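Dumped upload.pdb below, it's PDB, C-alpha atoms:
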ATOM      1  CA  MET A   1      45.398  -7.667  -8.347
ATOM      2  CA  ASN A   2      48.565  -9.694  -8.451
ATOM      3  CA  VAL A   3      47.774 -13.384  -8.748
ATOM      4  CA  ARG A   4      50.910 -15.406  -8.390
ATOM      5  CA  SER A   5      49.520 -18.876  -7.975
ATOM      6  CA  PRO A   6      48.423 -20.588 -11.214
ATOM      7  CA  GLN A   7      46.097 -22.813  -9.180
ATOM      8  CA  LEU A   8      44.382 -19.798  -7.652
ATOM      9  CA  LEU A   9      44.066 -18.170 -11.053
ATOM     10  CA  ALA A  10      42.501 -21.336 -12.457
ATOM     11  CA  LEU A  11      40.081 -21.455  -9.543
ATOM     12  CA  LEU A  12      39.097 -17.827 -10.079
ATOM     13  CA  LEU A  13      38.536 -18.407 -13.770
ATOM     14  CA  ALA A  14      36.451 -21.487 -13.028
ATOM     15  CA  GLY A  15      34.341 -19.525 -10.556
ATOM     16  CA  THR A  16      33.783 -16.769 -13.085
ATOM     17  CA  ALA A  17      32.836 -19.247 -15.779
ATOM     18  CA  MET A  18      30.326 -20.915 -13.488
ATOM     19  CA  SER A  19      28.657 -17.597 -12.769
ATOM     20  CA  CYS A  20      28.021 -17.214 -16.522
ATOM     21  CA  VAL A  21      26.672 -20.692 -17.045
ATOM     22  CA  ARG A  22      24.317 -21.268 -14.149
ATOM     23  CA  ILE A  23      21.350 -23.403 -13.379
ATOM     24  CA  THR A  24      18.285 -21.541 -12.190
ATOM     25  CA  TYR A  25      14.910 -22.695 -11.028
ATOM     26  CA  GLY A  26      12.209 -20.053 -11.102
ATOM     27  CA  ARG A  27       8.512 -19.969 -10.402
ATOM     28  CA  ILE A  28       5.973 -17.241 -11.015
ATOM     29  CA  ARG A  29       2.567 -17.228  -9.407
ATOM     30  CA  LEU A  30       0.093 -14.520 -10.243
ATOM     31  CA  GLU A  31      -3.335 -14.305  -8.656
ATOM     32  CA  GLU A  32      -5.139 -17.108  -6.863
ATOM     33  CA  PRO A  33      -6.502 -19.787  -9.188
ATOM     34  CA  ILE A  34     -10.230 -20.459  -9.236
ATOM     35  CA  ALA A  35     -10.958 -23.989  -8.097
ATOM     36  CA  ASP A  36     -13.092 -26.406 -10.100
ATOM     37  CA  ALA A  37     -15.476 -26.711  -7.156
ATOM     38  CA  GLN A  38     -16.159 -22.972  -7.241
ATOM     39  CA  LEU A  39     -17.130 -23.152 -10.906
ATOM     40  CA  GLN A  40     -19.120 -26.366 -10.507
ATOM     41  CA  ALA A  41     -21.264 -24.605  -7.916
ATOM     42  CA  LEU A  42     -22.410 -22.094 -10.527
ATOM     43  CA  ARG A  43     -25.335 -23.615 -12.428
ATOM     44  CA  PRO A  44     -25.948 -22.338 -15.970
ATOM     45  CA  ASP A  45     -29.474 -20.919 -16.459
ATOM     46  CA  GLN A  46     -29.803 -20.516 -12.689
ATOM     47  CA  ALA A  47     -26.861 -18.599 -11.265
ATOM     48  CA  THR A  48     -27.126 -14.828 -11.374
ATOM     49  CA  LEU A  49     -24.394 -12.262 -11.963
ATOM     50  CA  ALA A  50     -24.566 -11.254  -8.292
ATOM     51  CA  GLN A  51     -24.107 -14.868  -7.189
ATOM     52  CA  CYS A  52     -21.147 -15.380  -9.514
ATOM     53  CA  LEU A  53     -19.430 -12.185  -8.363
ATOM     54  CA  ARG A  54     -19.978 -13.192  -4.736
ATOM     55  CA  GLU A  55     -18.463 -16.620  -5.349
ATOM     56  CA  LEU A  56     -15.536 -15.693  -7.591
ATOM     57  CA  GLY A  57     -14.835 -12.086  -6.669
ATOM     58  CA  ALA A  58     -14.020  -9.435  -9.238
ATOM     59  CA  PRO A  59     -12.979 -10.564 -12.709
ATOM     60  CA  HIS A  60      -9.940  -9.295 -14.575
ATOM     61  CA  PHE A  61     -11.823  -8.585 -17.774
ATOM     62  CA  ALA A  62     -15.333  -7.706 -18.947
ATOM     63  CA  TRP A  63     -16.579  -7.879 -22.510
ATOM     64  CA  GLU A  64     -19.821  -7.130 -24.248
ATOM     65  CA  TYR A  65     -21.561 -10.348 -25.317
ATOM     66  CA  GLN A  66     -24.377 -10.595 -27.861
ATOM     67  CA  GLY A  67     -25.430  -6.979 -27.454
ATOM     68  CA  SER A  68     -26.968  -6.813 -24.005
ATOM     69  CA  GLY A  69     -25.108  -9.635 -22.310
ATOM     70  CA  MET A  70     -21.606  -9.723 -20.945
ATOM     71  CA  ALA A  71     -18.691 -12.082 -20.517
ATOM     72  CA  LEU A  72     -16.347 -11.924 -17.552
ATOM     73  CA  GLY A  73     -12.848 -13.387 -17.453
ATOM     74  CA  TRP A  74     -10.532 -14.435 -14.647
ATOM     75  CA  VAL A  75      -6.875 -15.355 -15.190
ATOM     76  CA  TRP A  76      -4.052 -16.681 -13.098
ATOM     77  CA  GLN A  77      -0.620 -18.134 -13.574
ATOM     78  CA  ASP A  78       1.560 -20.740 -11.921
ATOM     79  CA  LYS A  79       4.556 -21.263 -14.150
ATOM     80  CA  ASP A  80       7.925 -22.705 -13.313
ATOM     81  CA  ASP A  81      11.036 -23.115 -15.374
ATOM     82  CA  PHE A  82      14.222 -25.009 -14.827
ATOM     83  CA  GLY A  83      17.132 -24.348 -17.095
ATOM     84  CA  LEU A  84      20.602 -23.143 -17.803
ATOM     85  CA  ASP A  85      19.681 -19.530 -18.290
ATOM     86  CA  VAL A  86      16.292 -19.153 -16.726
ATOM     87  CA  SER A  87      16.864 -15.473 -16.049
ATOM     88  CA  TYR A  88      16.224 -15.183 -19.772
ATOM     89  CA  THR A  89      13.510 -17.762 -20.233
ATOM     90  CA  ILE A  90      11.560 -17.062 -17.065
ATOM     91  CA  TYR A  91      11.124 -13.372 -17.802
ATOM     92  CA  LYS A  92      10.434 -13.820 -21.468
ATOM     93  CA  ASP A  93       6.728 -13.454 -22.315
ATOM     94  CA  THR A  94       5.847 -13.148 -18.660
ATOM     95  CA  PRO A  95       3.204 -10.562 -17.897
ATOM     96  CA  GLY A  96       3.207  -8.428 -14.799
ATOM     97  CA  ALA A  97       0.548  -8.789 -12.167
ATOM     98  CA  SER A  98      -1.444  -6.058 -13.826
ATOM     99  CA  PHE A  99      -3.105  -7.947 -16.626
ATOM    100  CA  SER A 100      -4.079  -6.083 -19.720
ATOM    101  CA  TYR A 101      -5.781  -8.088 -22.368
ATOM    102  CA  GLY A 102      -3.314  -8.733 -25.131
ATOM    103  CA  ARG A 103      -0.954 -11.342 -26.453
ATOM    104  CA  GLU A 104       0.589 -11.889 -23.026
ATOM    105  CA  ALA A 105      -2.751 -12.773 -21.401
ATOM    106  CA  ALA A 106      -3.837 -15.014 -24.281
ATOM    107  CA  ASP A 107      -1.571 -17.821 -23.110
ATOM    108  CA  LEU A 108      -2.635 -17.654 -19.481
ATOM    109  CA  PRO A 109      -5.022 -20.166 -17.957
ATOM    110  CA  GLY A 110      -8.320 -18.818 -16.780
ATOM    111  CA  CYS A 111     -12.059 -19.069 -17.028
ATOM    112  CA  VAL A 112     -14.808 -17.086 -18.694
ATOM    113  CA  LEU A 113     -18.456 -16.790 -17.681
ATOM    114  CA  TRP A 114     -21.061 -15.723 -20.238
ATOM    115  CA  PHE A 115     -24.234 -13.929 -19.144
ATOM    116  CA  ASP A 116     -27.360 -13.186 -21.167
ATOM    117  CA  ALA A 117     -29.265  -9.893 -21.290
ATOM    118  CA  GLU A 118     -31.028 -10.784 -18.018
ATOM    119  CA  LEU A 119     -27.586 -11.309 -16.440
ATOM    120  CA  THR A 120     -28.228 -14.999 -15.880
ATOM    121  CA  LEU A 121     -25.266 -17.318 -16.357
ATOM    122  CA  ARG A 122     -25.464 -19.112 -19.704
ATOM    123  CA  ARG A 123     -22.231 -21.076 -19.470
ATOM    124  CA  TRP A 124     -18.739 -21.093 -18.129
ATOM    125  CA  GLN A 125     -15.533 -22.605 -19.432
ATOM    126  CA  ARG A 126     -11.927 -23.052 -18.371
ATOM    127  CA  GLY A 127      -8.969 -22.888 -20.716
ATOM    128  CA  THR A 128      -6.446 -20.419 -22.022
ATOM    129  CA  MET A 129      -7.756 -16.901 -22.422
ATOM    130  CA  GLY A 130      -6.857 -16.834 -26.088
ATOM    131  CA  ASP A 131      -9.093 -19.831 -26.803
ATOM    132  CA  LEU A 132     -11.915 -18.713 -24.532
ATOM    133  CA  THR A 133     -12.198 -15.205 -25.898
ATOM    134  CA  ARG A 134     -11.748 -15.889 -29.596
ATOM    135  CA  ASP A 135     -15.337 -14.855 -30.335
ATOM    136  CA  LEU A 136     -15.470 -11.932 -27.948
ATOM    137  CA  ARG A 137     -14.613  -8.363 -28.709
ATOM    138  CA  GLN A 138     -11.145  -7.745 -27.397
ATOM    139  CA  ARG A 139     -11.696  -4.077 -26.736
ATOM    140  CA  PRO A 140     -15.218  -3.091 -25.706
ATOM    141  CA  ALA A 141     -16.265   0.327 -26.894
ATOM    142  CA  MET A 142     -15.732   3.257 -24.573
ATOM    143  CA  ALA A 143     -18.811   4.335 -22.639
ATOM    144  CA  ASP A 144     -19.194   7.621 -24.465
ATOM    145  CA  GLU A 145     -18.903   6.160 -27.956
TER     146      GLU A 145
ATOM    147  CA  MET B   1      43.182 -10.095  -1.271
ATOM    148  CA  SER B   2      42.846 -13.001  -3.674
ATOM    149  CA  LEU B   3      41.381 -15.211  -0.978
ATOM    150  CA  CYS B   4      38.907 -12.498  -0.059
ATOM    151  CA  LEU B   5      37.816 -12.162  -3.695
ATOM    152  CA  LEU B   6      37.503 -15.910  -3.985
ATOM    153  CA  GLY B   7      35.388 -15.986  -0.861
ATOM    154  CA  CYS B   8      33.100 -13.300  -2.240
ATOM    155  CA  LEU B   9      32.620 -15.266  -5.440
ATOM    156  CA  TRP B  10      31.264 -18.200  -3.501
ATOM    157  CA  LEU B  11      29.184 -16.312  -0.990
ATOM    158  CA  PRO B  12      25.506 -17.046  -1.368
ATOM    159  CA  ALA B  13      23.256 -13.998  -1.745
ATOM    160  CA  CYS B  14      19.587 -13.236  -1.328
ATOM    161  CA  ALA B  15      17.515 -10.598  -3.016
ATOM    162  CA  LEU B  16      14.028  -9.281  -2.350
ATOM    163  CA  ALA B  17      12.078  -6.939  -4.581
ATOM    164  CA  ARG B  18       8.619  -5.438  -4.482
ATOM    165  CA  GLN B  19       6.604  -3.699  -7.146
ATOM    166  CA  ASP B  20       3.350  -1.875  -6.368
ATOM    167  CA  THR B  21       0.913  -0.420  -8.869
ATOM    168  CA  ASN B  22      -1.808   1.914  -7.588
ATOM    169  CA  GLU B  23      -2.977   2.320  -4.002
ATOM    170  CA  PRO B  24      -4.794  -0.672  -2.457
ATOM    171  CA  LEU B  25      -8.567  -0.321  -2.631
ATOM    172  CA  ASP B  26     -10.341   1.167   0.362
ATOM    173  CA  ALA B  27     -12.412  -1.727   1.719
ATOM    174  CA  THR B  28     -14.571   0.588   3.813
ATOM    175  CA  ALA B  29     -15.475   2.708   0.787
ATOM    176  CA  VAL B  30     -16.274  -0.423  -1.225
ATOM    177  CA  ALA B  31     -18.525  -1.752   1.555
ATOM    178  CA  ALA B  32     -20.524   1.488   1.372
ATOM    179  CA  LEU B  33     -21.577   0.834  -2.241
ATOM    180  CA  GLN B  34     -25.286   0.092  -2.486
ATOM    181  CA  PRO B  35     -26.706  -1.556  -5.602
ATOM    182  CA  GLY B  36     -29.869   0.225  -6.692
ATOM    183  CA  VAL B  37     -28.868   3.392  -4.873
ATOM    184  CA  THR B  38     -25.277   4.453  -5.562
ATOM    185  CA  THR B  39     -24.712   6.313  -8.810
ATOM    186  CA  ALA B  40     -21.668   6.325 -11.088
ATOM    187  CA  ARG B  41     -20.935   9.887 -10.010
ATOM    188  CA  GLU B  42     -20.913   8.855  -6.336
ATOM    189  CA  VAL B  43     -18.627   5.916  -7.081
ATOM    190  CA  VAL B  44     -16.119   8.224  -8.754
ATOM    191  CA  GLU B  45     -16.373  10.696  -5.880
ATOM    192  CA  LYS B  46     -15.594   7.926  -3.380
ATOM    193  CA  LEU B  47     -13.024   5.902  -5.298
ATOM    194  CA  GLY B  48     -11.561   8.328  -7.794
ATOM    195  CA  ALA B  49     -11.013   7.764 -11.486
ATOM    196  CA  PRO B  50     -11.324   4.137 -12.608
ATOM    197  CA  THR B  51      -8.564   2.252 -14.393
ATOM    198  CA  GLU B  52     -10.905   1.236 -17.190
ATOM    199  CA  VAL B  53     -14.408   2.024 -18.396
ATOM    200  CA  VAL B  54     -16.208  -0.391 -20.701
ATOM    201  CA  GLN B  55     -19.554  -0.295 -22.445
ATOM    202  CA  LEU B  56     -21.608  -3.484 -22.146
ATOM    203  CA  GLY B  57     -24.581  -2.882 -24.414
ATOM    204  CA  LYS B  58     -26.713  -0.302 -22.595
ATOM    205  CA  ARG B  59     -24.841  -0.982 -19.388
ATOM    206  CA  SER B  60     -21.419   0.246 -18.416
ATOM    207  CA  ALA B  61     -18.765  -1.008 -16.019
ATOM    208  CA  TYR B  62     -15.788   0.575 -14.295
ATOM    209  CA  ARG B  63     -12.687  -1.296 -13.180
ATOM    210  CA  TYR B  64     -10.533  -0.267 -10.235
ATOM    211  CA  ASP B  65      -7.367  -2.169  -9.394
ATOM    212  CA  ALA B  66      -4.078  -2.226  -7.533
ATOM    213  CA  ASN B  67      -1.290  -4.795  -7.814
ATOM    214  CA  THR B  68       1.632  -5.970  -5.747
ATOM    215  CA  ILE B  69       4.386  -8.315  -6.913
ATOM    216  CA  LYS B  70       6.910  -9.654  -4.423
ATOM    217  CA  SER B  71      10.030 -11.386  -5.717
ATOM    218  CA  ALA B  72      12.585 -13.420  -3.799
ATOM    219  CA  ALA B  73      15.809 -14.883  -5.156
ATOM    220  CA  LEU B  74      18.661 -16.930  -3.762
ATOM    221  CA  PHE B  75      21.909 -16.786  -5.704
ATOM    222  CA  LEU B  76      24.278 -19.678  -5.102
ATOM    223  CA  ILE B  77      26.516 -18.898  -8.100
ATOM    224  CA  VAL B  78      26.025 -22.223  -9.817
ATOM    225  CA  PHE B  79      22.453 -22.860  -8.738
ATOM    226  CA  ASN B  80      19.972 -20.044  -8.288
ATOM    227  CA  VAL B  81      16.331 -20.053  -7.303
ATOM    228  CA  PHE B  82      13.786 -17.364  -7.957
ATOM    229  CA  ALA B  83      10.111 -16.902  -7.145
ATOM    230  CA  GLN B  84       7.527 -14.233  -7.735
ATOM    231  CA  ASP B  85       4.078 -13.843  -6.198
ATOM    232  CA  GLY B  86       1.660 -11.290  -7.558
ATOM    233  CA  ARG B  87      -1.878 -10.458  -6.442
ATOM    234  CA  SER B  88      -4.304  -7.678  -7.048
ATOM    235  CA  ASP B  89      -7.154  -5.752  -5.500
ATOM    236  CA  ARG B  90      -9.904  -5.571  -8.084
ATOM    237  CA  LEU B  91     -13.283  -3.928  -8.134
ATOM    238  CA  TRP B  92     -15.766  -3.983 -11.001
ATOM    239  CA  VAL B  93     -18.848  -1.813 -10.653
ATOM    240  CA  PHE B  94     -21.714  -2.335 -13.084
ATOM    241  CA  PHE B  95     -24.242   0.374 -13.932
ATOM    242  CA  ASP B  96     -27.556   0.347 -15.758
ATOM    243  CA  ASP B  97     -28.432   2.783 -18.529
ATOM    244  CA  ARG B  98     -29.312   5.420 -15.886
ATOM    245  CA  GLU B  99     -25.828   5.059 -14.381
ATOM    246  CA  VAL B 100     -27.131   3.534 -11.169
ATOM    247  CA  LEU B 101     -25.072   0.749  -9.631
ATOM    248  CA  THR B 102     -26.648  -2.658 -10.226
ATOM    249  CA  HIS B 103     -23.835  -5.032  -9.202
ATOM    250  CA  TYR B 104     -20.286  -5.000  -7.994
ATOM    251  CA  GLY B 105     -17.610  -7.637  -7.530
ATOM    252  CA  VAL B 106     -14.544  -7.122  -5.401
ATOM    253  CA  THR B 107     -11.362  -9.061  -4.652
ATOM    254  CA  PHE B 108      -8.784  -7.971  -2.101
ATOM    255  CA  GLY B 109      -5.451  -9.641  -2.748
ATOM    256  CA  VAL B 110      -2.479  -7.308  -2.483
ATOM    257  CA  HIS B 111      -2.086  -7.854   1.266
ATOM    258  CA  ARG B 112      -1.814 -11.627   0.699
ATOM    259  CA  THR B 113       1.277 -11.368  -1.502
ATOM    260  CA  GLN B 114       4.294 -13.207  -0.069
ATOM    261  CA  TYR B 115       8.052 -13.334  -0.407
ATOM    262  CA  ALA B 116       8.546 -17.044  -0.886
ATOM    263  CA  MET B 117      10.807 -19.640  -2.426
ATOM    264  CA  PRO B 118       9.495 -21.669  -5.390
ATOM    265  CA  TRP B 119       8.714 -24.754  -3.320
ATOM    266  CA  GLU B 120       6.617 -22.851  -0.786
ATOM    267  CA  ASP B 121       2.834 -22.746  -1.098
ATOM    268  CA  VAL B 122       1.760 -19.102  -1.272
ATOM    269  CA  HIS B 123      -1.950 -19.851  -1.428
ATOM    270  CA  GLU B 124      -2.475 -21.605   1.887
ATOM    271  CA  ALA B 125      -5.822 -20.756   3.442
ATOM    272  CA  ALA B 126      -4.239 -20.191   6.853
ATOM    273  CA  ASP B 127      -1.809 -17.633   5.410
ATOM    274  CA  ASN B 128      -4.628 -15.846   3.622
ATOM    275  CA  GLN B 129      -6.758 -15.732   6.749
ATOM    276  CA  ALA B 130      -3.877 -14.382   8.821
ATOM    277  CA  ALA B 131      -3.216 -11.681   6.240
ATOM    278  CA  ASP B 132      -6.922 -10.788   6.100
ATOM    279  CA  LEU B 133      -6.946 -10.181   9.854
ATOM    280  CA  ASP B 134      -4.443  -7.358   9.398
ATOM    281  CA  ARG B 135      -6.551  -5.586   6.798
ATOM    282  CA  PRO B 136      -9.877  -4.316   8.118
ATOM    283  CA  GLY B 137     -12.957  -4.788   6.027
ATOM    284  CA  VAL B 138     -11.735  -7.469   3.636
ATOM    285  CA  ARG B 139     -13.110 -10.562   5.370
ATOM    286  CA  LYS B 140     -16.340 -11.943   4.000
ATOM    287  CA  PRO B 141     -19.148 -11.870   6.594
TER     288      PRO B 141
END
Represent the supplied structure as structure tokens.
Amino acid sequence: MNVRSPQLLALLLAGTAMSCVRITYGRIRLEEPIADAQLQALRPDQATLAQCLRELGAPHFAWEYQGSGMALGWVWQDKDDFGLDVSYTIYKDTPGASFSYGREAADLPGCVLWFDAELTLRRWQRGTMGDLTRDLRQRPAMADE
Amino acid sequence: MSLCLLGCLWLPACALARQDTNEPLDATAVAALQPGVTTAREVVEKLGAPTEVVQLGKRSAYRYDANTIKSAALFLIVFNVFAQDGRSDRLWVFFDDREVLTHYGVTFGVHRTQYAMPWEDVHEAADNQAADLDRPGVRKP
């Protein structure tokens, strides 16, 4: 390329520089969040596992709870970022849609429902998965163990 | 030539991307599950190998899932926008100690995934209902 005009060269350089330093707005939404009203409708000591599954659908996670009970977890994400190099920050620490319980899911908002041995709802709570599942086993034993 | 290159530098550009994991769940096969009747063996025969198996005391549970992520981006050189929408089909089947199905919970979501800009609402009920119409068996009775 033979650039004879200094003005054109300056314009080209400016354009190239701008493509390196850019402003990006990004938003990531994973799964549909569970509304407060849906959770409020589930009464502890009354709601059954069947009722909860009907109302909330399938969870993302299941854990053993106090031997014969279980805890079920739902997660979602609605995160946006606005910055100079969001292509870096927006992807960083962002899980894919296939959640596997680990460090990446610990920061996600969600809810957990705890069921007793009779599979009656004992309680539910919203928060980040890391906080909600602190007392739960992270990796339930395999069925044949 | 220089003008053409300059023009290309300033041209806005769009990008779409899609990532699928696993086949969407078969809603008809899921509807055929009968708590108290269907066994773990029959579930595996109908739905294949689960993604995860967990032990819950004397009970056990299998997880089946499929995911779709749709991404849309608009590149305006200086200002770019980017959005990603991800949903999943999920099925958890719960068995008693005799490996008979006691409960199941299912969510069908992959067909609701949208290419959208960040300011667009991807969870509108009308959009979800329209998407559900195109996928037999996923609407709640």
Selection under test: the PyMOL selection byres ((chain B and resi 44-54) around 9); residues as a list in words: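 Applying the expression gives Ala62, Trp63, Glu64, Arg139, Pro140, Ala141, Met142 and Ala143 of chain A; Leu25, Asp26, Ala29, Val30, Thr39, Ala40, Arg41, Glu42, Val43, Gln55, Leu56, Arg59, Ser60, Ala61, Tyr62, Arg63, Tyr64 and Asp65 of chain B.
Interatomic distance, CA of Gln46 in chain A to CA of Arg126 in chain A: 18.9 Å.
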May I have the centre and edge lengths, in Å to one decimal, of an axis-aligned box around the listed atoms of range 60-65 of chain A with 6 Å added to every side, as AutoDock Vina command-line options?
--center_x -15.8 --center_y -8.7 --center_z -19.9 --size_x 23.6 --size_y 15.2 --size_z 22.7
Target residues per the PyMOL selection byres ((chain B and resi 118) around 12), formatted as a JSON list (two decimals) with C-alpha atoms, keeping the file's coordinate frame:
[["chain", "number", "residue", "atom", "x", "y", "z"],
["A", 24, "THR", "CA", 18.28, -21.54, -12.19],
["A", 25, "TYR", "CA", 14.91, -22.70, -11.03],
["A", 26, "GLY", "CA", 12.21, -20.05, -11.10],
["A", 27, "ARG", "CA", 8.51, -19.97, -10.40],
["A", 28, "ILE", "CA", 5.97, -17.24, -11.02],
["A", 29, "ARG", "CA", 2.57, -17.23, -9.41],
["A", 78, "ASP", "CA", 1.56, -20.74, -11.92],
["A", 79, "LYS", "CA", 4.56, -21.26, -14.15],
["A", 80, "ASP", "CA", 7.92, -22.70, -13.31],
["A", 81, "ASP", "CA", 11.04, -23.12, -15.37],
["A", 82, "PHE", "CA", 14.22, -25.01, -14.83],
["B", 71, "SER", "CA", 10.03, -11.39, -5.72],
["B", 72, "ALA", "CA", 12.58, -13.42, -3.80],
["B", 73, "ALA", "CA", 15.81, -14.88, -5.16],
["B", 74, "LEU", "CA", 18.66, -16.93, -3.76],
["B", 80, "ASN", "CA", 19.97, -20.04, -8.29],
["B", 81, "VAL", "CA", 16.33, -20.05, -7.30],
["B", 82, "PHE", "CA", 13.79, -17.36, -7.96],
["B", 83, "ALA", "CA", 10.11, -16.90, -7.14],
["B", 84, "GLN", "CA", 7.53, -14.23, -7.74],
["B", 85, "ASP", "CA", 4.08, -13.84, -6.20],
["B", 114, "GLN", "CA", 4.29, -13.21, -0.07],
["B", 115, "TYR", "CA", 8.05, -13.33, -0.41],
["B", 116, "ALA", "CA", 8.55, -17.04, -0.89],
["B", 117, "MET", "CA", 10.81, -19.64, -2.43],
["B", 119, "TRP", "CA", 8.71, -24.75, -3.32],
["B", 120, "GLU", "CA", 6.62, -22.85, -0.79],
["B", 121, "ASP", "CA", 2.83, -22.75, -1.10],
["B", 122, "VAL", "CA", 1.76, -19.10, -1.27]]
The PyMOL selection byres ((chain A and resi 119) around 10) applied to the shown file, residues as a list in words: Asp45, Ala47, Thr48, Leu49, Ala50, Ser68, Gly69, Met70, Ala71, Trp114, Phe115, Asp116, Ala117, Glu118, Thr120, Leu121 and Arg122 of chain A
Point-to-point distance in Å for CA of Asp132 in chain B and CA of Asn67 in chain B: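 Straight-line distance from CA of Asn67 in chain B to CA of Asp132 in chain B works out to 16.2 Å.
Atom to atom, CA of Pro35 in chain B and CA of Phe108 in chain B stand 19.4 Å apart.
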Using all atoms listed in the file: which of B:Leu133, B:Ala125, B:Ile69, B:Ala32 has the shortest distance to Arg18 in chain B: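 The closest residue to Arg18 in chain B is B:Ile69.
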Cut-off 12 Å around (-16.5, -15.6, -2.6) with all atoms listed in the file: residues as a list in words: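 It turns out the residues near that spot are Ile34, Ala35, Gln38, Leu39, Ala41, Leu42, Ala50, Gln51, Cys52, Leu53, Arg54, Glu55, Leu56, Gly57, Ala58 and Pro59 of chain A; Gly105, Val106, Thr107, Phe108, Val138, Arg139, Lys140 and Pro141 of chain B.
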Residues from last step as file, C-alpha atoms, as an mmCIF file, in the coordinates of the input:
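File written: again.cif
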data_model
loop_
_atom_site.group_PDB
_atom_site.id
_atom_site.type_symbol
_atom_site.label_atom_id
_atom_site.label_comp_id
_atom_site.auth_asym_id
_atom_site.auth_seq_id
_atom_site.Cartn_x
_atom_site.Cartn_y
_atom_site.Cartn_z
ATOM 1 C CA ILE A 34 -10.230 -20.459 -9.236
ATOM 2 C CA ALA A 35 -10.958 -23.989 -8.097
ATOM 3 C CA GLN A 38 -16.159 -22.972 -7.241
ATOM 4 C CA LEU A 39 -17.130 -23.152 -10.906
ATOM 5 C CA ALA A 41 -21.264 -24.605 -7.916
ATOM 6 C CA LEU A 42 -22.410 -22.094 -10.527
ATOM 7 C CA ALA A 50 -24.566 -11.254 -8.292
ATOM 8 C CA GLN A 51 -24.107 -14.868 -7.189
ATOM 9 C CA CYS A 52 -21.147 -15.380 -9.514
ATOM 10 C CA LEU A 53 -19.430 -12.185 -8.363
ATOM 11 C CA ARG A 54 -19.978 -13.192 -4.736
ATOM 12 C CA GLU A 55 -18.463 -16.620 -5.349
ATOM 13 C CA LEU A 56 -15.536 -15.693 -7.591
ATOM 14 C CA GLY A 57 -14.835 -12.086 -6.669
ATOM 15 C CA ALA A 58 -14.020 -9.435 -9.238
ATOM 16 C CA PRO A 59 -12.979 -10.564 -12.709
ATOM 17 C CA GLY B 105 -17.610 -7.637 -7.530
ATOM 18 C CA VAL B 106 -14.544 -7.122 -5.401
ATOM 19 C CA THR B 107 -11.362 -9.061 -4.652
ATOM 20 C CA PHE B 108 -8.784 -7.971 -2.101
ATOM 21 C CA VAL B 138 -11.735 -7.469 3.636
ATOM 22 C CA ARG B 139 -13.110 -10.562 5.370
ATOM 23 C CA LYS B 140 -16.340 -11.943 4.000
ATOM 24 C CA PRO B 141 -19.148 -11.870 6.594
#
Nearest residue to Thr113 in chain B from the set A:Gln40, A:Glu31, A:Ile23, A:Ala10 (distances using all atoms listed in the file): A:Glu31
Of the listed residues B:Val110, B:Leu76, B:Leu91, B:Val37, that which approaches Thr21 in chain B most closely, counting only C-alpha atoms: B:Val110
Proximity to chain A - best of B:Val100, B:Ala13, B:Leu5, B:Ala131, all atoms listed in the file: B:Leu5
